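A.B. asks: Just protein_1.tsv, nothing more (TSV, C-alpha atoms):
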```tsv
chain	number	residue	atom	x	y	z
A	1144	MET	CA	30.19	-83.68	-58.09
A	1145	ASP	CA	30.85	-80.54	-60.14
A	1146	GLN	CA	33.09	-77.94	-58.56
A	1147	ILE	CA	31.64	-74.57	-57.58
A	1148	LYS	CA	33.23	-71.86	-59.74
A	1149	VAL	CA	34.21	-68.80	-57.69
A	1150	LEU	CA	35.53	-65.60	-59.23
A	1151	ILE	CA	37.48	-63.22	-56.99
A	1152	THR	CA	37.95	-59.60	-58.10
A	1153	GLY	CA	40.52	-57.40	-56.35
A	1154	ALA	CA	42.47	-60.60	-55.65
A	1155	ASN	CA	45.78	-58.86	-54.87
A	1156	GLY	CA	44.45	-56.88	-51.88
A	1157	GLN	CA	44.51	-58.02	-48.26
A	1158	LEU	CA	41.23	-59.94	-48.39
A	1159	GLY	CA	41.78	-61.36	-51.87
A	1160	THR	CA	45.22	-62.61	-50.90
A	1161	GLU	CA	43.83	-64.30	-47.79
A	1162	ILE	CA	41.24	-66.07	-49.95
A	1163	GLN	CA	44.05	-67.22	-52.24
A	1164	ARG	CA	45.81	-68.72	-49.22
A	1165	LEU	CA	42.64	-70.64	-48.28
A	1166	ALA	CA	41.85	-71.90	-51.79
A	1167	GLN	CA	43.84	-75.13	-51.63
A	1168	GLN	CA	41.99	-76.16	-48.45
A	1169	HIS	CA	38.66	-76.14	-50.32
A	1170	PRO	CA	38.83	-78.65	-53.19
A	1171	LYS	CA	35.07	-78.34	-53.84
A	1172	LEU	CA	35.67	-74.76	-54.98
A	1173	ASN	CA	37.31	-73.83	-58.28
A	1174	PHE	CA	38.72	-70.31	-57.82
A	1175	LEU	CA	39.69	-67.80	-60.47
A	1176	PHE	CA	41.60	-64.83	-59.07
A	1177	THR	CA	41.59	-61.56	-61.01
A	1178	ASP	CA	42.76	-58.01	-60.47
A	1179	VAL	CA	42.77	-54.89	-62.64
A	1180	ASP	CA	45.51	-56.32	-64.87
A	1181	THR	CA	43.30	-59.26	-65.90
A	1182	LEU	CA	39.77	-57.83	-65.53
A	1183	ASP	CA	38.80	-54.15	-65.43
A	1184	ILE	CA	35.48	-54.25	-63.56
A	1185	THR	CA	34.78	-50.59	-64.44
A	1186	ASP	CA	34.54	-51.61	-68.14
A	1187	ALA	CA	31.04	-53.00	-68.78
A	1188	GLU	CA	31.97	-54.55	-72.14
A	1189	ALA	CA	35.08	-56.20	-70.72
A	1190	VAL	CA	33.02	-57.67	-67.89
A	1191	LYS	CA	30.34	-58.91	-70.30
A	1192	SER	CA	32.94	-60.55	-72.54
A	1193	PHE	CA	34.70	-62.12	-69.57
A	1194	PHE	CA	31.53	-63.75	-68.26
A	1195	LEU	CA	30.74	-65.21	-71.68
A	1196	SER	CA	33.85	-67.37	-71.37
A	1197	TYR	CA	34.00	-67.86	-67.59
A	1198	LYS	CA	30.62	-68.55	-66.07
A	1199	PRO	CA	31.01	-68.31	-62.30
A	1200	ASP	CA	28.60	-69.64	-59.71
A	1201	TYR	CA	29.80	-66.96	-57.26
A	1202	LEU	CA	31.66	-63.67	-57.47
A	1203	ILE	CA	33.30	-62.16	-54.38
A	1204	ASN	CA	34.10	-58.52	-55.12
A	1205	CYS	CA	37.08	-57.51	-52.98
A	1206	ALA	CA	38.02	-54.64	-55.31
A	1207	ALA	CA	37.59	-51.11	-54.01
A	1208	TYR	CA	39.06	-47.64	-53.97
A	1209	THR	CA	40.29	-47.54	-50.36
A	1210	ALA	CA	42.55	-44.45	-50.21
A	1211	VAL	CA	40.21	-42.76	-47.76
A	1212	ASP	CA	41.89	-39.34	-47.62
A	1213	LYS	CA	42.89	-39.21	-51.29
A	1214	ALA	CA	39.25	-39.87	-52.22
A	1215	GLU	CA	38.27	-36.43	-50.90
A	1216	GLU	CA	39.86	-34.92	-54.03
A	1217	ASP	CA	39.97	-37.96	-56.32
A	1218	VAL	CA	36.18	-38.26	-56.39
A	1219	GLU	CA	35.87	-39.47	-59.98
A	1220	ASN	CA	38.16	-42.47	-59.55
A	1221	ALA	CA	36.66	-43.35	-56.16
A	1222	ASN	CA	33.18	-43.35	-57.72
A	1223	ARG	CA	34.28	-45.40	-60.74
A	1224	LEU	CA	35.57	-48.24	-58.59
A	1225	ASN	CA	33.15	-48.00	-55.67
A	1226	ILE	CA	29.89	-47.19	-57.51
A	1227	ASP	CA	30.17	-47.84	-61.25
A	1228	ALA	CA	31.97	-51.19	-60.94
A	1229	PRO	CA	29.52	-52.67	-58.39
A	1230	ALA	CA	26.65	-51.53	-60.64
A	1231	ILE	CA	28.23	-53.40	-63.58
A	1232	LEU	CA	28.77	-56.53	-61.48
A	1233	SER	CA	25.24	-56.38	-60.06
A	1234	ALA	CA	23.75	-56.20	-63.56
A	1235	ALA	CA	25.95	-59.13	-64.59
A	1236	ALA	CA	24.76	-61.17	-61.60
A	1237	ASP	CA	21.15	-60.75	-62.75
A	1238	ARG	CA	22.02	-61.41	-66.37
A	1239	GLU	CA	24.26	-64.45	-65.77
A	1240	GLY	CA	22.58	-65.82	-62.64
A	1241	PHE	CA	25.63	-66.01	-60.36
A	1242	LYS	CA	25.63	-65.04	-56.67
A	1243	LEU	CA	27.45	-61.78	-55.88
A	1244	ILE	CA	29.11	-61.06	-52.53
A	1245	HIS	CA	30.25	-57.45	-52.30
A	1246	ILE	CA	32.54	-56.12	-49.56
A	1247	SER	CA	31.68	-52.78	-47.97
A	1248	THR	CA	32.72	-50.74	-44.96
A	1249	ASP	CA	31.85	-49.18	-41.60
A	1250	TYR	CA	32.42	-45.78	-43.27
A	1251	VAL	CA	28.86	-45.86	-44.60
A	1252	PHE	CA	27.95	-44.71	-41.06
A	1253	ASN	CA	28.95	-41.40	-39.51
A	1254	GLY	CA	29.66	-43.01	-36.13
A	1255	MET	CA	27.52	-40.54	-34.19
A	1256	THR	CA	25.63	-43.22	-32.29
A	1257	TRP	CA	26.77	-45.23	-29.30
A	1258	LYS	CA	25.17	-48.60	-29.86
A	1259	PRO	CA	26.41	-51.32	-32.22
A	1260	TYR	CA	25.15	-50.79	-35.76
A	1261	ASP	CA	22.53	-53.19	-37.10
A	1262	GLU	CA	22.21	-53.93	-40.81
A	1263	ASP	CA	18.96	-51.97	-41.03
A	1264	ASP	CA	20.35	-48.80	-39.40
A	1265	SER	CA	20.30	-45.88	-41.84
A	1266	PRO	CA	23.71	-45.07	-43.37
A	1267	ALA	CA	24.93	-41.47	-43.13
A	1268	PRO	CA	28.46	-41.36	-44.59
A	1269	ALA	CA	30.67	-38.41	-43.63
A	1270	SER	CA	33.34	-38.74	-46.33
A	1271	VAL	CA	33.66	-39.17	-50.10
A	1272	TYR	CA	34.92	-42.71	-49.55
A	1273	GLY	CA	31.98	-43.56	-47.29
A	1274	SER	CA	29.48	-42.02	-49.70
A	1275	SER	CA	30.93	-43.90	-52.66
A	1276	LYS	CA	30.76	-47.21	-50.79
A	1277	TYR	CA	27.16	-46.56	-49.72
A	1278	GLU	CA	26.10	-45.73	-53.28
A	1279	GLY	CA	27.88	-48.90	-54.42
A	1280	GLU	CA	25.91	-50.94	-51.88
A	1281	LYS	CA	22.65	-49.59	-53.29
A	1282	GLU	CA	23.72	-50.60	-56.81
A	1283	VAL	CA	24.64	-54.11	-55.65
A	1284	LEU	CA	21.36	-54.62	-53.79
A	1285	LYS	CA	19.35	-53.92	-56.94
A	1286	SER	CA	20.15	-57.55	-57.76
A	1287	GLU	CA	18.20	-60.36	-56.14
A	1288	ASN	CA	21.38	-62.45	-56.34
A	1289	ALA	CA	23.54	-60.21	-54.16
A	1290	MET	CA	24.67	-59.74	-50.61
A	1291	VAL	CA	26.74	-56.94	-49.07
A	1292	VAL	CA	29.21	-57.73	-46.28
A	1293	ARG	CA	30.33	-54.67	-44.33
A	1294	THR	CA	33.58	-54.92	-42.42
A	1295	SER	CA	35.85	-52.62	-40.42
A	1296	TRP	CA	39.51	-51.98	-39.54
A	1297	LEU	CA	40.82	-54.70	-41.86
A	1298	TYR	CA	44.37	-55.95	-41.37
A	1299	SER	CA	46.46	-58.88	-42.55
A	1300	VAL	CA	49.94	-60.33	-42.94
A	1301	TYR	CA	49.67	-58.99	-46.50
A	1302	GLY	CA	49.47	-55.47	-47.92
A	1303	LYS	CA	49.52	-52.14	-46.10
A	1304	ASN	CA	47.57	-51.84	-42.86
A	1305	PHE	CA	47.58	-50.40	-39.33
A	1306	VAL	CA	49.20	-53.46	-37.74
A	1307	LYS	CA	52.19	-53.46	-40.07
A	1308	THR	CA	52.56	-49.67	-39.77
A	1309	ILE	CA	52.69	-49.86	-35.97
A	1310	ILE	CA	55.30	-52.64	-36.11
A	1311	SER	CA	57.41	-50.74	-38.64
A	1312	LYS	CA	57.27	-47.31	-36.97
A	1313	GLY	CA	57.26	-48.74	-33.46
A	1314	GLY	CA	60.55	-50.46	-34.16
A	1315	THR	CA	62.32	-47.22	-35.04
A	1316	LEU	CA	60.57	-44.36	-33.22
A	1317	PRO	CA	60.64	-43.63	-29.46
A	1318	GLU	CA	56.93	-42.82	-29.39
A	1319	LEU	CA	53.79	-42.91	-31.55
A	1320	ARG	CA	50.67	-40.78	-31.15
A	1321	VAL	CA	47.51	-42.86	-31.69
A	1322	VAL	CA	43.89	-41.74	-31.38
A	1323	TYR	CA	41.86	-43.12	-28.49
A	1324	ASP	CA	38.48	-41.53	-29.29
A	1325	GLN	CA	37.68	-43.68	-32.34
A	1326	ILE	CA	36.02	-46.90	-31.18
A	1327	GLY	CA	35.39	-49.94	-33.34
A	1328	CYS	CA	36.65	-53.45	-33.88
A	1329	PRO	CA	39.58	-54.79	-35.91
A	1330	THR	CA	38.97	-57.51	-38.50
A	1331	TRP	CA	41.65	-60.04	-39.38
A	1332	ALA	CA	41.25	-60.49	-43.13
A	1333	HIS	CA	41.94	-64.22	-42.73
A	1334	ASP	CA	38.82	-64.62	-40.55
A	1335	LEU	CA	36.64	-62.70	-43.01
A	1336	ALA	CA	38.07	-64.69	-45.92
A	1337	GLN	CA	37.25	-67.95	-44.12
A	1338	ALA	CA	33.69	-66.77	-43.43
A	1339	LEU	CA	33.15	-65.84	-47.09
A	1340	VAL	CA	34.52	-69.15	-48.35
A	1341	ASP	CA	32.34	-71.02	-45.85
A	1342	ILE	CA	29.24	-69.14	-47.07
A	1343	VAL	CA	30.05	-70.06	-50.68
A	1344	GLU	CA	30.65	-73.69	-49.76
A	1345	MET	CA	27.20	-73.88	-48.14
A	1346	GLY	CA	25.73	-73.63	-51.65
A	1347	LYS	CA	23.15	-71.52	-53.43
A	1348	ASP	CA	20.22	-72.96	-51.49
A	1349	LYS	CA	21.63	-71.43	-48.31
A	1350	PHE	CA	22.54	-68.09	-49.97
A	1351	THR	CA	20.40	-65.32	-48.46
A	1352	PRO	CA	20.59	-61.88	-50.12
A	1353	GLY	CA	20.85	-58.68	-48.09
A	1354	ILE	CA	23.30	-56.81	-45.89
A	1355	TYR	CA	25.54	-58.47	-43.27
A	1356	HIS	CA	28.03	-57.11	-40.75
A	1357	TYR	CA	31.32	-58.87	-40.04
A	1358	SER	CA	34.22	-57.87	-37.82
A	1359	ASN	CA	35.97	-59.72	-35.05
A	1360	GLU	CA	34.25	-59.78	-31.67
A	1361	GLY	CA	34.96	-57.23	-28.96
A	1362	VAL	CA	35.53	-53.48	-28.96
A	1363	CYS	CA	38.63	-51.28	-28.77
A	1364	SER	CA	40.12	-47.94	-29.76
A	1365	TRP	CA	43.01	-47.54	-32.20
A	1366	TYR	CA	45.13	-46.76	-29.11
A	1367	ASP	CA	44.15	-50.07	-27.45
A	1368	PHE	CA	44.89	-51.87	-30.70
A	1369	ALA	CA	48.35	-50.30	-30.95
A	1370	ILE	CA	49.16	-51.16	-27.32
A	1371	GLU	CA	48.48	-54.86	-28.02
A	1372	ILE	CA	50.73	-54.81	-31.09
A	1373	VAL	CA	53.77	-53.19	-29.45
A	1374	SER	CA	53.32	-55.41	-26.38
A	1375	PHE	CA	53.44	-58.62	-28.46
A	1376	TYR	CA	56.52	-57.44	-30.36
A	1377	ASP	CA	58.10	-56.16	-27.12
A	1378	LEU	CA	58.80	-52.81	-28.78
A	1379	LYS	CA	60.21	-50.02	-26.62
A	1380	CYS	CA	58.11	-47.42	-28.45
A	1381	LYS	CA	55.73	-45.52	-26.17
A	1382	ILE	CA	52.13	-45.21	-27.44
A	1383	ILE	CA	50.68	-41.78	-26.64
A	1384	PRO	CA	46.85	-41.50	-26.61
A	1385	ILE	CA	45.56	-38.44	-28.50
A	1386	LEU	CA	42.26	-37.00	-29.69
A	1387	THR	CA	41.22	-37.19	-33.33
A	1388	SER	CA	41.29	-33.38	-33.37
A	1389	GLU	CA	45.04	-33.55	-32.63
A	1390	TYR	CA	45.67	-35.61	-35.78
A	1391	PRO	CA	43.64	-33.96	-38.54
A	1392	LEU	CA	43.14	-35.84	-41.82
A	1393	ALA	CA	41.31	-34.96	-45.04
A	1394	ALA	CA	38.45	-37.44	-44.52
A	1395	ASN	CA	36.21	-37.72	-41.47
A	1396	ARG	CA	36.47	-40.98	-39.54
A	1397	PRO	CA	33.46	-42.46	-37.72
A	1398	PRO	CA	34.14	-42.06	-33.97
A	1399	TYR	CA	32.08	-45.18	-33.24
A	1400	SER	CA	31.72	-48.05	-35.70
A	1401	VAL	CA	31.01	-51.19	-33.72
A	1402	PHE	CA	28.90	-53.76	-35.59
A	1403	ASN	CA	26.12	-55.99	-34.34
A	1404	LYS	CA	27.00	-59.33	-35.99
A	1405	ARG	CA	24.00	-61.35	-34.87
A	1406	LYS	CA	22.58	-61.69	-38.41
A	1407	VAL	CA	25.58	-63.37	-40.06
A	1408	LYS	CA	25.89	-65.74	-37.09
A	1409	GLU	CA	22.21	-66.70	-37.17
A	1410	VAL	CA	21.79	-67.03	-40.95
A	1411	TYR	CA	25.08	-68.78	-41.72
A	1412	GLY	CA	26.17	-70.19	-38.36
A	1413	ILE	CA	29.48	-68.34	-38.56
A	1414	ARG	CA	31.74	-68.43	-35.49
A	1415	ILE	CA	33.56	-65.12	-35.02
A	1416	PRO	CA	36.75	-65.01	-32.90
A	1417	HIS	CA	37.62	-62.17	-30.50
A	1418	TRP	CA	39.92	-59.54	-31.96
A	1419	LYS	CA	42.72	-60.27	-29.47
A	1420	GLU	CA	42.66	-63.97	-30.36
A	1421	SER	CA	42.92	-63.19	-34.08
A	1422	LEU	CA	45.52	-60.45	-33.64
A	1423	LEU	CA	47.74	-62.90	-31.77
A	1424	LYS	CA	47.51	-65.37	-34.67
A	1425	CYS	CA	48.29	-62.66	-37.24
A	1426	LEU	CA	51.25	-61.29	-35.26
A	1427	THR	CA	52.61	-64.81	-34.77
A	1428	ALA	CA	52.37	-65.40	-38.54
A	1429	LEU	CA	54.09	-62.06	-39.22
A	1430	LYS	CA	56.94	-62.93	-36.87
A	1431	GLN	CA	57.38	-66.35	-38.50
A	1432	LYS	CA	57.45	-64.68	-41.92
A	1433	GLU	CA	60.16	-62.27	-40.74
A	1434	GLU	CA	62.26	-65.13	-39.38
A	1435	MET	CA	62.13	-67.19	-42.59
```
Represent the structure from my file as structure tokens, please.
C.D. replies:
Amino acid sequence: MDQIKVLITGANGQLGTEIQRLAQQHPKLNFLFTDVDTLDITDAEAVKSFFLSYKPDYLINCAAYTAVDKAEEDVENANRLNIDAPAILSAAADREGFKLIHISTDYVFNGMTWKPYDEDDSPAPASVYGSSKYEGEKEVLKSENAMVVRTSWLYSVYGKNFVKTIISKGGTLPELRVVYDQIGCPTWAHDLAQALVDIVEMGKDKFTPGIYHYSNEGVCSWYDFAIEIVSFYDLKCKIIPILTSEYPLAANRPPYSVFNKRKVKEVYGIRIPHWKESLLKCLTALKQKEEM
């Protein structure tokens, strides 16, 4: 049986790295991992030339401009990576016939509702980053070969993220101030990576275009999340709950960004672990890495 060719863009980020770690467990899939140094997805001609030589069956686009606060002033670069690049990849998906899976964010919503967001709820981004990701979604969905997977509060053993920041600062500071009025759900990048790989392995007949929501199960605030992290590591740092207004940042954060994940579970049969279960696994892996 021929292998399924899977191209990963943004392969050096948290999610891309987790997919790399899973690759060897899926011999049916032939992965090619790229980042900006090997494929500039904002360059239409470079993308066209690349696909002439490498003809993927699937493309998982993990690349994004994710500096949320910097984006407020760096609008041009945020738009290039979050709007222009997805438009180029979407056009390529139609031209070359591969299936495109594009990763998006809870920031497409303003968080001013208090029920879990469905895929058909109307986006209303409240930041440059959120707006750029929403516009990118619209470009991607122009293709009949594309699906958008929105996720939230991504963390991993790899890269920079909230979990690693809390461990680092919590190990040296007597206290940390963490907001308690932003409610959502963390997503272990490993779980999302596994879900994406499983969807690809199901084959093109099962591929169903559209928008999907994926985070771990359960609900928490950033404060709750931090408490779990310092507790596992037995850090003496005290976590102080504060309001968002006490910690002003350039970009607005959605105060509520819980996802309804029924669709991805029904269409693809994906099992989603609770955030505490996945956090425990990630923290255990981090501790093992530190002890090596």
A.B. asks: Tell me which of A:Leu1378, A:Val1322, A:Ala1210, A:Leu1426 sits closest to Tyr1390 in chain A, counting only C-alpha atoms.
C.D. replies: A:Val1322
A.B. asks: Between CA of Glu1420 in chain A and CA of Ala1207 in chain A, what is the distance, to one decimal in Å?
C.D. replies: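 So the two atoms, CA of Glu1420 in chain A and CA of Ala1207 in chain A, lie 27.4 Å apart.
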A.B. asks: Env of Trp1418 in chain A: 12 Å cut, atoms = all atoms listed in the file, seq-sep filter 3 positions within chain, self excluded. Answer as number ranges by chain.
C.D. replies: A: 1295-1298, 1327-1335, 1357-1364, 1367-1368, 1371-1372, 1415, 1421-1426
A.B. asks: In terms of the shortest atom-to-atom distance over all atoms listed in the file, which of A:Thr1185, A:Thr1294, A:Asn1155, A:Ser1275 is closest to Lys1404 in chain A?
C.D. replies: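 Among the listed residues, the smallest separation from Lys1404 in chain A belongs to A:Thr1294.
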A.B. asks: Report as CSV: every residue of range 1275-1294 of chain A with an atom at most 6 Å from range 1227-1231 of chain A, its closest pair of atoms, and their distance in Å to one decimal, counting all atoms listed in the file, with rows sorted by chain and ascending residue number.
C.D. replies:
```
residue,atom,partner,partner_atom,distance
A:Gly1279,CA,A:Pro1229,CA,5.7
A:Glu1282,CA,A:Ala1230,CA,4.9
A:Val1283,CA,A:Pro1229,CA,5.8
```
A.B. asks: At a cut-off of 9 Å, using all atoms listed in the file, what residues contact Thr1387 in chain A? Leave out same-chain residues fewer than 2 positions from it and give the result as a PDB file with C-alpha atoms, in the frame of the given file.
C.D. replies:
```pdb
ATOM      1  CA  VAL A1321      47.510 -42.860 -31.690  1.00  0.00           C
ATOM      2  CA  VAL A1322      43.890 -41.740 -31.380  1.00  0.00           C
ATOM      3  CA  TYR A1323      41.860 -43.120 -28.490  1.00  0.00           C
ATOM      4  CA  ASP A1324      38.480 -41.530 -29.290  1.00  0.00           C
ATOM      5  CA  GLN A1325      37.680 -43.680 -32.340  1.00  0.00           C
ATOM      6  CA  ILE A1385      45.560 -38.440 -28.500  1.00  0.00           C
ATOM      7  CA  GLU A1389      45.040 -33.550 -32.630  1.00  0.00           C
ATOM      8  CA  TYR A1390      45.670 -35.610 -35.780  1.00  0.00           C
ATOM      9  CA  PRO A1391      43.640 -33.960 -38.540  1.00  0.00           C
ATOM     10  CA  LEU A1392      43.140 -35.840 -41.820  1.00  0.00           C
ATOM     11  CA  ARG A1396      36.470 -40.980 -39.540  1.00  0.00           C
ATOM     12  CA  PRO A1398      34.140 -42.060 -33.970  1.00  0.00           C
TER      13      PRO A1398
END
```
A.B. asks: Give me, please, the distance in Å between CA of Lys1242 in chain A and CA of Pro1199 in chain A, quoted to one decimal.
C.D. replies: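 Interatomic distance here is 8.4 Å.
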A.B. asks: Work out how far CA of Pro1397 in chain A is from CA of Asn1253 in chain A, in Å to one decimal.
C.D. replies: 5.0 Å
A.B. asks: Hey, could you make a per-residue contact list for range 1320-1356 of chain A against range 1255-1264 of chain A with 7 Å as the cut-off, showing the nearest pair of atoms and its distance in Å to one decimal, counting all atoms listed in the file, sorted by chain and number, as CSV?
C.D. replies:
```
residue,atom,partner,partner_atom,distance
A:Ile1354,CA,A:Glu1262,CA,5.9
A:Tyr1355,CA,A:Glu1262,CA,6.1
A:His1356,CA,A:Glu1262,CA,6.6
```
